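To start, the structure under review is shown below, and the notes come after it.
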Amino acid sequence: TLWICLPRLYLGFHYLSDVLVGATIGLTASLACVHAQWLRTKVAPRTLSIVNRSPQVFYPLAFLFMFEIGSMFMSTREVVRTLLHFSSVIAHRL
């Protein structure tokens with residue numbers, strides 16, 4: 001936690017309140033997932049069945065999804081922004 005939080009505070013990327021609220025949200029979400037019975041009974045079995053049935057599809061998709069989360073969907077946002085720009089240019093010319 002300190003390895004990530006202190007440099008972000010020192011470099012001015014975040015205020016202390018940002019880090020504390022983010023930690024609180026992360027802790028609350030983690031505890032909610034651990035104690036959520038529906039997650040264990042409905043979501044986990046379905047996910048594990050997909051993993052067992054076709055891991056060659058699941059793992060690349062999971063990697064791409066986690067990569068997009070880690071990069072804050074920057075590449076996806078750029079693609080959508082470009083498509084929206086071109087569609088507005090085309091609509092304007094028509």
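Ordering of the structure tokens sets the chain letters (A, B, ...), residue numbers begin anew at 1 in every chain, and ligands are numbered from 1 in the order given.
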
Margin query: So that I can check the secondary structure, give me every residue of range 1-89 of chain A assigned alpha helix (DSSP H) by backbone DSSP, as JSON, numbers by chain.
Written below: {"A": [2, 3, 4, 5, 6, 7, 8, 9, 10, 16, 17, 18, 19, 20, 21, 22, 23, 24, 25, 26, 27, 28, 29, 30, 31, 32, 33, 34, 35, 37, 38, 44, 45, 46, 47, 48, 49, 50, 51, 52, 53, 55, 56, 57, 58, 59, 60, 61, 62, 63, 64, 65, 66, 67, 68, 69, 70, 74, 75, 76, 77, 78, 79, 80, 81, 82, 83, 84, 85, 86, 87, 88, 89]}

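Candidate residues A:Ala91, A:Ala62, A:Val34, A:Ile4 were compared for distance to Thr47 in chain A, and the nearest is A:Ala62, using only C-alpha atoms.
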
Rounded to one decimal place, report the CA of Leu6 in chain A-CA of Val19 in chain A distance in Å.
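These two atoms are separated by 9.3 Å.
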
Can you list, as number ranges by chain, every protein, DNA or RNA residue that comes within 12 Å of Leu20 in chain A when you count only C-alpha atoms, leaving out same-chain residues fewer than 4 positions away? A: 1, 5-6, 9, 14-16, 24-27

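Of note, CA of Thr28 in chain A and CA of Phe63 in chain A are spaced 24.4 Å apart.
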
Residues within 10 Å of Leu48 in chain A, please, as an mmCIF file with N, CA, C and O atoms, in the first residue's frame. Count only C-alpha atoms; anything in the same chain fewer than 6 positions from it doesn't count.
data_model
loop_
_atom_site.group_PDB
_atom_site.id
_atom_site.type_symbol
_atom_site.label_atom_id
_atom_site.label_comp_id
_atom_site.auth_asym_id
_atom_site.auth_seq_id
_atom_site.Cartn_x
_atom_site.Cartn_y
_atom_site.Cartn_z
ATOM 1 N N SER A 54 -13.725 -23.863 -21.594
ATOM 2 C CA SER A 54 -12.864 -23.316 -22.653
ATOM 3 C C SER A 54 -11.884 -22.299 -22.058
ATOM 4 O O SER A 54 -12.075 -21.092 -22.201
ATOM 5 N N PRO A 55 -10.828 -22.799 -21.422
ATOM 6 C CA PRO A 55 -9.846 -21.871 -20.852
ATOM 7 C C PRO A 55 -9.103 -21.073 -21.916
ATOM 8 O O PRO A 55 -8.661 -19.957 -21.654
ATOM 9 N N PHE A 58 -11.326 -18.057 -22.210
ATOM 10 C CA PHE A 58 -11.513 -17.278 -20.989
ATOM 11 C C PHE A 58 -10.276 -16.474 -20.615
ATOM 12 O O PHE A 58 -10.370 -15.278 -20.334
#
